[in-house]
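S.K.: The following file, entry30.pdb, comprises PDB, C-alpha atoms:
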ATOM      1  CA  ASP D   1     -18.338 -17.075  50.487  1.00  0.00           C
ATOM      2  CA  ILE D   2     -15.879 -16.509  47.630  1.00  0.00           C
ATOM      3  CA  GLN D   3     -13.744 -19.596  47.063  1.00  0.00           C
ATOM      4  CA  MET D   4     -10.118 -19.123  46.067  1.00  0.00           C
ATOM      5  CA  THR D   5      -8.519 -22.020  44.211  1.00  0.00           C
ATOM      6  CA  GLN D   6      -4.764 -22.044  43.801  1.00  0.00           C
ATOM      7  CA  SER D   7      -2.739 -24.133  41.401  1.00  0.00           C
ATOM      8  CA  PRO D   8      -0.542 -25.970  41.510  1.00  0.00           C
ATOM      9  CA  ALA D   9      -0.611 -27.138  45.117  1.00  0.00           C
ATOM     10  CA  SER D  10       3.131 -27.622  44.937  1.00  0.00           C
ATOM     11  CA  LEU D  11       5.904 -27.117  42.454  1.00  0.00           C
ATOM     12  CA  SER D  12       9.586 -27.681  42.171  1.00  0.00           C
ATOM     13  CA  ALA D  13      11.811 -25.329  40.184  1.00  0.00           C
ATOM     14  CA  SER D  14      15.502 -24.635  39.625  1.00  0.00           C
ATOM     15  CA  LEU D  15      17.458 -21.556  40.612  1.00  0.00           C
ATOM     16  CA  GLY D  16      17.122 -18.825  38.000  1.00  0.00           C
ATOM     17  CA  GLU D  17      13.911 -20.285  36.604  1.00  0.00           C
ATOM     18  CA  THR D  18      10.661 -18.367  36.191  1.00  0.00           C
ATOM     19  CA  VAL D  19       7.635 -19.750  38.016  1.00  0.00           C
ATOM     20  CA  THR D  20       3.961 -18.864  37.862  1.00  0.00           C
ATOM     21  CA  ILE D  21       1.288 -19.584  40.438  1.00  0.00           C
ATOM     22  CA  GLU D  22      -2.381 -19.269  39.587  1.00  0.00           C
ATOM     23  CA  CYS D  23      -5.370 -18.253  41.680  1.00  0.00           C
ATOM     24  CA  LEU D  24      -8.975 -18.630  40.555  1.00  0.00           C
ATOM     25  CA  ALA D  25     -11.810 -16.879  42.351  1.00  0.00           C
ATOM     26  CA  SER D  26     -15.316 -18.345  42.364  1.00  0.00           C
ATOM     27  CA  GLU D  27     -16.668 -14.968  41.227  1.00  0.00           C
ATOM     28  CA  ASP D  28     -15.367 -11.664  39.910  1.00  0.00           C
ATOM     29  CA  ILE D  29     -13.287  -9.956  42.608  1.00  0.00           C
ATOM     30  CA  TYR D  30     -12.402  -6.888  40.531  1.00  0.00           C
ATOM     31  CA  SER D  31      -8.648  -7.111  41.207  1.00  0.00           C
ATOM     32  CA  ASN D  32      -9.126  -7.089  44.988  1.00  0.00           C
ATOM     33  CA  LEU D  33      -6.469  -9.723  45.369  1.00  0.00           C
ATOM     34  CA  ALA D  34      -3.270 -10.044  47.365  1.00  0.00           C
ATOM     35  CA  TRP D  35      -0.397 -12.506  47.399  1.00  0.00           C
ATOM     36  CA  TYR D  36       1.451 -13.491  50.571  1.00  0.00           C
ATOM     37  CA  GLN D  37       4.682 -15.392  51.083  1.00  0.00           C
ATOM     38  CA  GLN D  38       5.186 -17.602  54.114  1.00  0.00           C
ATOM     39  CA  LYS D  39       8.719 -18.843  54.625  1.00  0.00           C
ATOM     40  CA  PRO D  40       9.214 -22.009  56.692  1.00  0.00           C
ATOM     41  CA  GLY D  41       8.471 -21.363  60.370  1.00  0.00           C
ATOM     42  CA  LYS D  42       7.670 -17.697  59.783  1.00  0.00           C
ATOM     43  CA  SER D  43       4.566 -15.542  59.562  1.00  0.00           C
ATOM     44  CA  PRO D  44       3.200 -14.498  56.159  1.00  0.00           C
ATOM     45  CA  GLN D  45       4.393 -11.362  54.379  1.00  0.00           C
ATOM     46  CA  LEU D  46       2.438  -9.258  51.909  1.00  0.00           C
ATOM     47  CA  LEU D  47       3.978  -9.319  48.428  1.00  0.00           C
ATOM     48  CA  ILE D  48       1.348  -7.954  46.065  1.00  0.00           C
ATOM     49  CA  TYR D  49      -1.938  -6.095  46.555  1.00  0.00           C
ATOM     50  CA  TYR D  50      -4.652  -4.953  44.155  1.00  0.00           C
ATOM     51  CA  ALA D  51      -3.505  -7.829  41.948  1.00  0.00           C
ATOM     52  CA  ASN D  52      -0.392  -6.104  40.586  1.00  0.00           C
ATOM     53  CA  SER D  53       0.939  -3.549  43.105  1.00  0.00           C
ATOM     54  CA  LEU D  54       4.260  -4.491  44.658  1.00  0.00           C
ATOM     55  CA  ASN D  55       4.403  -3.966  48.418  1.00  0.00           C
ATOM     56  CA  ASP D  56       7.220  -1.843  49.823  1.00  0.00           C
ATOM     57  CA  GLY D  57      10.524  -3.671  50.005  1.00  0.00           C
ATOM     58  CA  VAL D  58       9.472  -6.628  47.858  1.00  0.00           C
ATOM     59  CA  PRO D  59      11.999  -7.546  45.165  1.00  0.00           C
ATOM     60  CA  SER D  60      11.027  -6.613  41.617  1.00  0.00           C
ATOM     61  CA  ARG D  61      11.357 -10.227  40.464  1.00  0.00           C
ATOM     62  CA  PHE D  62       7.880 -10.705  41.946  1.00  0.00           C
ATOM     63  CA  SER D  63       4.935  -9.539  39.873  1.00  0.00           C
ATOM     64  CA  GLY D  64       1.204 -10.030  39.854  1.00  0.00           C
ATOM     65  CA  SER D  65      -1.364  -9.890  37.113  1.00  0.00           C
ATOM     66  CA  GLY D  66      -4.921 -10.812  36.296  1.00  0.00           C
ATOM     67  CA  SER D  67      -8.467  -9.570  36.421  1.00  0.00           C
ATOM     68  CA  GLY D  68     -11.975 -10.843  36.915  1.00  0.00           C
ATOM     69  CA  THR D  69     -11.677 -14.312  38.396  1.00  0.00           C
ATOM     70  CA  GLN D  70      -8.158 -15.267  37.220  1.00  0.00           C
ATOM     71  CA  TYR D  71      -4.918 -14.055  38.779  1.00  0.00           C
ATOM     72  CA  SER D  72      -1.293 -15.074  38.785  1.00  0.00           C
ATOM     73  CA  LEU D  73       1.921 -14.494  40.676  1.00  0.00           C
ATOM     74  CA  LYS D  74       5.141 -14.656  38.691  1.00  0.00           C
ATOM     75  CA  ILE D  75       8.596 -15.028  40.162  1.00  0.00           C
ATOM     76  CA  ASN D  76      11.436 -14.281  37.779  1.00  0.00           C
ATOM     77  CA  SER D  77      14.936 -15.636  38.289  1.00  0.00           C
ATOM     78  CA  LEU D  78      14.088 -17.867  41.244  1.00  0.00           C
ATOM     79  CA  GLN D  79      16.325 -17.437  44.278  1.00  0.00           C
ATOM     80  CA  SER D  80      16.907 -19.881  47.147  1.00  0.00           C
ATOM     81  CA  GLU D  81      15.192 -17.500  49.571  1.00  0.00           C
ATOM     82  CA  ASP D  82      11.977 -17.789  47.546  1.00  0.00           C
ATOM     83  CA  VAL D  83      11.334 -21.288  48.924  1.00  0.00           C
ATOM     84  CA  SER D  84       8.020 -20.681  50.664  1.00  0.00           C
ATOM     85  CA  ILE D  85       4.315 -21.260  50.620  1.00  0.00           C
ATOM     86  CA  TYR D  86       2.423 -18.664  48.629  1.00  0.00           C
ATOM     87  CA  PHE D  87      -1.187 -17.735  49.367  1.00  0.00           C
ATOM     88  CA  CYS D  88      -3.654 -15.606  47.444  1.00  0.00           C
ATOM     89  CA  GLN D  89      -6.387 -13.700  49.281  1.00  0.00           C
ATOM     90  CA  GLN D  90      -9.423 -11.703  48.234  1.00  0.00           C
ATOM     91  CA  ASN D  91     -10.854  -8.738  50.098  1.00  0.00           C
ATOM     92  CA  TYR D  92     -13.606  -7.919  47.631  1.00  0.00           C
ATOM     93  CA  ASP D  93     -16.282  -9.406  49.867  1.00  0.00           C
ATOM     94  CA  SER D  94     -16.576 -10.543  53.466  1.00  0.00           C
ATOM     95  CA  PRO D  95     -15.528 -13.029  54.668  1.00  0.00           C
ATOM     96  CA  TYR D  96     -12.055 -12.418  53.313  1.00  0.00           C
ATOM     97  CA  THR D  97     -10.795 -15.733  52.028  1.00  0.00           C
ATOM     98  CA  PHE D  98      -7.464 -17.280  51.170  1.00  0.00           C
ATOM     99  CA  GLY D  99      -6.351 -19.897  48.730  1.00  0.00           C
ATOM    100  CA  ALA D 100      -5.021 -23.168  50.151  1.00  0.00           C
ATOM    101  CA  GLY D 101      -1.464 -22.269  49.258  1.00  0.00           C
ATOM    102  CA  THR D 102       1.223 -23.285  46.804  1.00  0.00           C
ATOM    103  CA  LYS D 103       4.375 -24.838  48.180  1.00  0.00           C
ATOM    104  CA  LEU D 104       7.441 -23.837  46.170  1.00  0.00           C
ATOM    105  CA  GLU D 105      10.560 -25.952  46.506  1.00  0.00           C
ATOM    106  CA  LEU D 106      13.929 -26.017  44.787  1.00  0.00           C
ATOM    107  CA  LYS D 107      14.669 -28.768  42.330  1.00  0.00           C
TER     108      LYS D 107
ATOM    109  CA  GLU P   1      10.573  -0.759  62.452  1.00  0.00           C
ATOM    110  CA  VAL P   2       7.081  -2.214  62.687  1.00  0.00           C
ATOM    111  CA  GLN P   3       6.682  -4.744  65.469  1.00  0.00           C
ATOM    112  CA  LEU P   4       3.621  -6.737  66.489  1.00  0.00           C
ATOM    113  CA  VAL P   5       3.941  -9.004  69.508  1.00  0.00           C
ATOM    114  CA  GLU P   6       1.098 -11.388  70.310  1.00  0.00           C
ATOM    115  CA  THR P   7       0.640 -12.964  73.717  1.00  0.00           C
ATOM    116  CA  GLY P   8      -2.018 -14.898  75.564  1.00  0.00           C
ATOM    117  CA  GLY P   9      -2.077 -18.212  73.751  1.00  0.00           C
ATOM    118  CA  GLY P  10      -2.019 -21.545  75.498  1.00  0.00           C
ATOM    119  CA  LEU P  11      -3.915 -24.736  76.231  1.00  0.00           C
ATOM    120  CA  VAL P  12      -7.588 -24.279  77.082  1.00  0.00           C
ATOM    121  CA  GLN P  13     -10.482 -26.672  77.522  1.00  0.00           C
ATOM    122  CA  PRO P  14     -13.435 -26.671  75.129  1.00  0.00           C
ATOM    123  CA  GLY P  15     -16.085 -24.179  76.165  1.00  0.00           C
ATOM    124  CA  ARG P  16     -13.650 -21.982  78.049  1.00  0.00           C
ATOM    125  CA  SER P  17     -12.370 -18.494  77.223  1.00  0.00           C
ATOM    126  CA  LEU P  18      -9.045 -16.927  76.329  1.00  0.00           C
ATOM    127  CA  LYS P  19      -7.952 -13.372  75.572  1.00  0.00           C
ATOM    128  CA  LEU P  20      -5.142 -12.606  73.155  1.00  0.00           C
ATOM    129  CA  SER P  21      -3.213  -9.343  73.095  1.00  0.00           C
ATOM    130  CA  CYS P  22      -1.082  -7.775  70.395  1.00  0.00           C
ATOM    131  CA  VAL P  23       1.187  -4.866  71.246  1.00  0.00           C
ATOM    132  CA  ALA P  24       2.224  -2.716  68.312  1.00  0.00           C
ATOM    133  CA  SER P  25       5.175  -0.403  67.840  1.00  0.00           C
ATOM    134  CA  GLY P  26       7.027   1.356  65.057  1.00  0.00           C
ATOM    135  CA  PHE P  27       3.998   3.008  63.442  1.00  0.00           C
ATOM    136  CA  THR P  28       1.079   5.275  64.304  1.00  0.00           C
ATOM    137  CA  PHE P  29      -1.188   2.572  65.674  1.00  0.00           C
ATOM    138  CA  SER P  30      -4.332   4.712  65.817  1.00  0.00           C
ATOM    139  CA  SER P  31      -4.165   5.325  62.055  1.00  0.00           C
ATOM    140  CA  TYR P  32      -4.471   1.741  60.914  1.00  0.00           C
ATOM    141  CA  TRP P  33      -7.098  -0.958  60.867  1.00  0.00           C
ATOM    142  CA  MET P  34      -5.996  -4.080  62.689  1.00  0.00           C
ATOM    143  CA  TYR P  35      -6.818  -7.715  62.070  1.00  0.00           C
ATOM    144  CA  TRP P  36      -6.583 -11.210  63.498  1.00  0.00           C
ATOM    145  CA  ILE P  37      -5.897 -14.151  61.194  1.00  0.00           C
ATOM    146  CA  ARG P  38      -5.435 -17.760  62.234  1.00  0.00           C
ATOM    147  CA  GLN P  39      -3.706 -20.814  60.822  1.00  0.00           C
ATOM    148  CA  ALA P  40      -4.515 -24.313  62.031  1.00  0.00           C
ATOM    149  CA  PRO P  41      -1.437 -26.564  62.313  1.00  0.00           C
ATOM    150  CA  GLY P  42      -0.242 -27.467  58.818  1.00  0.00           C
ATOM    151  CA  LYS P  43      -3.250 -25.759  57.262  1.00  0.00           C
ATOM    152  CA  GLY P  44      -4.163 -22.602  55.407  1.00  0.00           C
ATOM    153  CA  LEU P  45      -5.091 -19.134  56.598  1.00  0.00           C
ATOM    154  CA  GLU P  46      -8.445 -17.905  57.898  1.00  0.00           C
ATOM    155  CA  TRP P  47      -9.380 -14.275  58.535  1.00  0.00           C
ATOM    156  CA  VAL P  48     -10.861 -14.011  62.034  1.00  0.00           C
ATOM    157  CA  SER P  49     -11.673 -10.361  62.666  1.00  0.00           C
ATOM    158  CA  SER P  50     -11.119  -6.725  61.708  1.00  0.00           C
ATOM    159  CA  ILE P  51     -11.370  -3.478  63.634  1.00  0.00           C
ATOM    160  CA  ASN P  52     -11.320   0.055  62.299  1.00  0.00           C
ATOM    161  CA  THR P  53      -9.089   2.842  63.566  1.00  0.00           C
ATOM    162  CA  ASP P  54     -11.244   4.063  66.457  1.00  0.00           C
ATOM    163  CA  GLY P  55     -12.637   0.664  67.375  1.00  0.00           C
ATOM    164  CA  GLY P  56     -16.171   1.643  66.473  1.00  0.00           C
ATOM    165  CA  ASN P  57     -16.581  -0.948  63.749  1.00  0.00           C
ATOM    166  CA  THR P  58     -15.725  -4.629  63.943  1.00  0.00           C
ATOM    167  CA  TYR P  59     -16.161  -7.502  61.537  1.00  0.00           C
ATOM    168  CA  TYR P  60     -16.114 -11.294  61.791  1.00  0.00           C
ATOM    169  CA  PRO P  61     -16.710 -14.377  59.665  1.00  0.00           C
ATOM    170  CA  ASP P  62     -19.648 -16.570  60.638  1.00  0.00           C
ATOM    171  CA  SER P  63     -17.279 -19.184  62.100  1.00  0.00           C
ATOM    172  CA  VAL P  64     -16.473 -16.944  65.085  1.00  0.00           C
ATOM    173  CA  LYS P  65     -19.267 -14.362  65.098  1.00  0.00           C
ATOM    174  CA  GLY P  66     -20.929 -14.195  68.505  1.00  0.00           C
ATOM    175  CA  ARG P  67     -18.017 -15.986  70.194  1.00  0.00           C
ATOM    176  CA  PHE P  68     -15.003 -13.758  69.452  1.00  0.00           C
ATOM    177  CA  THR P  69     -14.679 -10.024  70.100  1.00  0.00           C
ATOM    178  CA  ILE P  70     -11.937  -7.783  68.759  1.00  0.00           C
ATOM    179  CA  SER P  71     -11.135  -4.517  70.527  1.00  0.00           C
ATOM    180  CA  ARG P  72      -8.329  -2.009  70.692  1.00  0.00           C
ATOM    181  CA  ASP P  73      -6.763   0.504  73.046  1.00  0.00           C
ATOM    182  CA  ASN P  74      -5.104   3.221  71.010  1.00  0.00           C
ATOM    183  CA  ALA P  75      -3.514   4.732  74.121  1.00  0.00           C
ATOM    184  CA  GLU P  76      -1.756   1.415  74.768  1.00  0.00           C
ATOM    185  CA  ASN P  77      -1.110   0.525  71.097  1.00  0.00           C
ATOM    186  CA  THR P  78      -2.783  -2.800  71.704  1.00  0.00           C
ATOM    187  CA  VAL P  79      -5.399  -4.884  69.932  1.00  0.00           C
ATOM    188  CA  TYR P  80      -7.195  -7.713  71.691  1.00  0.00           C
ATOM    189  CA  LEU P  81      -9.119 -10.815  70.743  1.00  0.00           C
ATOM    190  CA  GLN P  82     -11.520 -12.148  73.365  1.00  0.00           C
ATOM    191  CA  MET P  83     -12.399 -15.742  72.509  1.00  0.00           C
ATOM    192  CA  ASN P  84     -15.328 -17.378  74.262  1.00  0.00           C
ATOM    193  CA  SER P  85     -16.957 -20.813  73.947  1.00  0.00           C
ATOM    194  CA  LEU P  86     -13.809 -22.193  72.394  1.00  0.00           C
ATOM    195  CA  ARG P  87     -14.001 -25.309  70.235  1.00  0.00           C
ATOM    196  CA  SER P  88     -11.405 -27.804  69.101  1.00  0.00           C
ATOM    197  CA  GLU P  89     -11.591 -26.315  65.601  1.00  0.00           C
ATOM    198  CA  ASP P  90     -10.344 -23.002  67.009  1.00  0.00           C
ATOM    199  CA  THR P  91      -6.953 -24.609  67.587  1.00  0.00           C
ATOM    200  CA  ALA P  92      -4.503 -22.547  65.551  1.00  0.00           C
ATOM    201  CA  ALA P  93      -1.714 -20.048  65.545  1.00  0.00           C
ATOM    202  CA  TYR P  94      -3.303 -16.617  65.850  1.00  0.00           C
ATOM    203  CA  TYR P  95      -1.613 -13.707  64.105  1.00  0.00           C
ATOM    204  CA  CYS P  96      -2.395 -10.053  64.491  1.00  0.00           C
ATOM    205  CA  ALA P  97      -1.797  -7.943  61.431  1.00  0.00           C
ATOM    206  CA  LYS P  98      -1.522  -4.273  60.599  1.00  0.00           C
ATOM    207  CA  GLY P  99      -3.608  -2.853  57.809  1.00  0.00           C
ATOM    208  CA  HIS P 100      -2.183  -1.338  54.658  1.00  0.00           C
ATOM    209  CA  TYR P 101      -2.296   2.382  53.859  1.00  0.00           C
ATOM    210  CA  SER P 102      -4.136   1.735  50.623  1.00  0.00           C
ATOM    211  CA  GLY P 103      -6.792  -0.720  51.698  1.00  0.00           C
ATOM    212  CA  ASP P 104      -7.904  -3.783  53.567  1.00  0.00           C
ATOM    213  CA  TRP P 105      -4.693  -5.786  53.178  1.00  0.00           C
ATOM    214  CA  PHE P 106      -2.710  -7.547  55.884  1.00  0.00           C
ATOM    215  CA  ALA P 107       0.431  -5.480  55.474  1.00  0.00           C
ATOM    216  CA  TYR P 108       2.500  -6.733  58.396  1.00  0.00           C
ATOM    217  CA  TRP P 109       2.039  -9.793  60.632  1.00  0.00           C
ATOM    218  CA  GLY P 110       3.195 -10.610  64.109  1.00  0.00           C
ATOM    219  CA  GLN P 111       4.963 -13.860  64.945  1.00  0.00           C
ATOM    220  CA  GLY P 112       1.752 -15.488  66.163  1.00  0.00           C
ATOM    221  CA  THR P 113       0.569 -17.120  69.370  1.00  0.00           C
ATOM    222  CA  LEU P 114      -0.621 -20.722  69.524  1.00  0.00           C
ATOM    223  CA  VAL P 115      -4.035 -21.548  70.925  1.00  0.00           C
ATOM    224  CA  THR P 116      -4.777 -25.213  71.617  1.00  0.00           C
ATOM    225  CA  VAL P 117      -8.314 -26.185  72.551  1.00  0.00           C
ATOM    226  CA  SER P 118      -8.353 -29.637  74.066  1.00  0.00           C
ATOM    227  CA  SER P 119      -9.612 -31.464  77.116  1.00  0.00           C
TER     228      SER P 119
END
Please re-express this file's structure in C-alpha cells.
M.R.:
Amino acid sequence: DIQMTQSPASLSASLGETVTIECLASEDIYSNLAWYQQKPGKSPQLLIYYANSLNDGVPSRFSGSGSGTQYSLKINSLQSEDVSIYFCQQNYDSPYTFGAGTKLELK
Amino acid sequence: EVQLVETGGGLVQPGRSLKLSCVASGFTFSSYWMYWIRQAPGKGLEWVSSINTDGGNTYYPDSVKGRFTISRDNAENTVYLQMNSLRSEDTAAYYCAKGHYSGDWFAYWGQGTLVTVSS
C-alpha cells in the first residue's frame, strides 16, 4: 500500500497568514493526489485534485502543487472559516489511501 | 443541489451484518462512480469500496474484501453497502461519496452514518 505522510500534524496560524501543508507519498504517485477539508463536525469536502486543480466553488486562496512523491497545499490569506482538518489522498494505486490529517487552528 | 443521504447505521454485535443505504439526488446518478469511505471516531479516513456506473465493477481494500459488498440501483438513485462478519475495528462513521467528472476523486460526501460494532 502507498503510505501518505502529512506534516505538520497540527499548526496554528493568524488571520491573513499564509500556511502550507505537506504530503509525502511512499512512492511516485504521478500527481494523482487530492486535498480534502473537513470542518468540525462536518463531512470532508474536495478542495484540490490532480495535485493542482481547484474543485468547483473552492476559493482561489487555496492552491496545490507538487509532483513525484512530494505535494503541498497552500492557503493564502487565512480566514476564520479555514479552521479544519486537511487530508491528502492518493488514487494512483489501490487501495486509495489518505494522510493522517493536519489540524489547522487560529492563533 | 447534490444531496447524499446515508441511512442504516446503528449498534450491531460482532459477527453480525448491517446494510447501509445512500440515496442520491441533484445529479445524474447513473453517470457517476460511487464510493464508501469510513472514519473511525477521532481518526483518519479509509476508503472502503468503489462501484462503477452500471454496477458491473466493484473494488475493495483487503481490510473489507470478502466481508463487504457495494451495489447500486440506478433506477432508485441508491448505493448500498452490505457489511457482513462485522468486527469492532469496523466501528466508524460511514460516508458515501459521489465521483468526480474527471477521475476517481471523492467529489461530494454525504453526512455519514455511524456504525458501532460492540457486544
S.K.: So how far away is atom CA of Glu105 of chain D from atom CA of Ala93 of chain P, in Å?
M.R.: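 Rounded to one decimal, the two atoms are 23.4 Å apart.
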S.K.: Specify as a list in words all residues of chain P found within 8 Å of chain D, counting only C-alpha atoms.
M.R.: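 Taking only C-alpha atoms into account, Lys43, Gly44, Leu45, Glu46, Trp47, Tyr60, Pro61, Tyr95, Asp104, Trp105, Phe106, Ala107, Tyr108, Trp109, Gly110, Gln111 and Gly112 of chain P sit within 8 Å of chain D.
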S.K.: The PyMOL selection byres ((chain P and resi 99) around 10) - which residues does that actually catch in the file I just gave you? List them as a ChimeraX atom specification.
M.R.: /P:29,31-35,50-53,96-98,100-109
S.K.: Kindly resolve the PyMOL selection byres ((chain D and resi 17) around 9) on the present coordinates and return the residues as a PyMOL selection string.
M.R.: chain D and resi 13-16+18-19+75-79
S.K.: Please define a box with edges along x, y and z of the file around all atoms of segment 93-107 of chain D given in the file, extend it by 8 Å on each side, and return its centre and edge lengths in Å to one decimal, as AutoDock Vina command-line options.
M.R.:
--center_x -1.0 --center_y -19.1 --center_z 48.5 --size_x 47.2 --size_y 35.4 --size_z 28.3
S.K.: Which residue gives the smallest distance to Thr20 of chain D among D:Ser80, D:Ser53, D:Leu73, D:Leu106, with only C-alpha atoms counted?
M.R.: D:Leu73
S.K.: Show me the residues around (-12.7, -3.8, 71.3) - criterion: an atom at most 10 Å away, all atoms listed in the file counted - as a PyMOL selection string.
M.R.: chain P and resi 51-52+54-58+69-73+78-82
S.K.: Could you tell me how far atom CA of Val5 of chain P sits from atom CA of Met83 of chain P, in Å to one decimal place?
M.R.: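 It comes out at 17.9 Å.
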S.K.: I'd like the contact shell of Asn74 of chain P - 6 Å cut-off, all atoms listed in the file, skipping same-chain residues fewer than 2 positions apart - returned as a list of chain:residue names.
M.R.: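 Contacts, in chain order: P:Ser30, P:Glu76, P:Asn77.
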S.K.: Determine the residue membership of the PyMOL selection byres ((chain D and resi 5-11) around 6) for the file above and supply it as number ranges by chain.
M.R.: D: 4, 12, 22-24, 99, 102-104
S.K.: Near Ser65 of chain D, within 9 Å and counting only C-alpha atoms, which residues show up once chain neighbours fewer than 5 positions away are dropped, as a list in words?
M.R.: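 In the requested form, the answer reads Ser31, Ala51, Asn52, Gln70, Tyr71, Ser72, Leu73 and Lys74 of chain D.
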S.K.: Nearest to Lys19 of chain P: which of P:Ala92, P:Ser49, P:Thr7, P:Ala40 is it, counting only C-alpha atoms?
M.R.: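 For Lys19 of chain P, the nearest of the given residues is P:Thr7.
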S.K.: For the atom pair atom CA of Leu4 of chain P and atom CA of Glu89 of chain P, what is the interatomic distance in Å to one decimal place?
M.R.: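 These atoms are spaced 24.8 Å apart.
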S.K.: Show me as a PDB file with C-alpha atoms, in the frame of the given file the residues that reach within 6 Å of (-17.8, -25.1, 72.4), counting only C-alpha atoms and using the file's own coordinates.
M.R.:
ATOM      1  CA  PRO P  14     -13.435 -26.671  75.129  1.00  0.00           C
ATOM      2  CA  GLY P  15     -16.085 -24.179  76.165  1.00  0.00           C
ATOM      3  CA  SER P  85     -16.957 -20.813  73.947  1.00  0.00           C
ATOM      4  CA  LEU P  86     -13.809 -22.193  72.394  1.00  0.00           C
ATOM      5  CA  ARG P  87     -14.001 -25.309  70.235  1.00  0.00           C
TER       6      ARG P  87
END
S.K.: Which polymer residues have any atom within 8 Å of an atom of Gln3 of chain P, counting all atoms listed in the file, with same-chain residues fewer than 2 positions away left out, as JSON, numbers by chain?
M.R.: {"P": [1, 5, 23, 24, 25, 26, 110]}
S.K.: Okay, now the selection with C-alpha atoms, as a PDB file, keeping the file's coordinate frame?
M.R.:
ATOM      1  CA  GLU P   1      10.573  -0.759  62.452  1.00  0.00           C
ATOM      2  CA  VAL P   5       3.941  -9.004  69.508  1.00  0.00           C
ATOM      3  CA  VAL P  23       1.187  -4.866  71.246  1.00  0.00           C
ATOM      4  CA  ALA P  24       2.224  -2.716  68.312  1.00  0.00           C
ATOM      5  CA  SER P  25       5.175  -0.403  67.840  1.00  0.00           C
ATOM      6  CA  GLY P  26       7.027   1.356  65.057  1.00  0.00           C
ATOM      7  CA  GLY P 110       3.195 -10.610  64.109  1.00  0.00           C
TER       8      GLY P 110
END
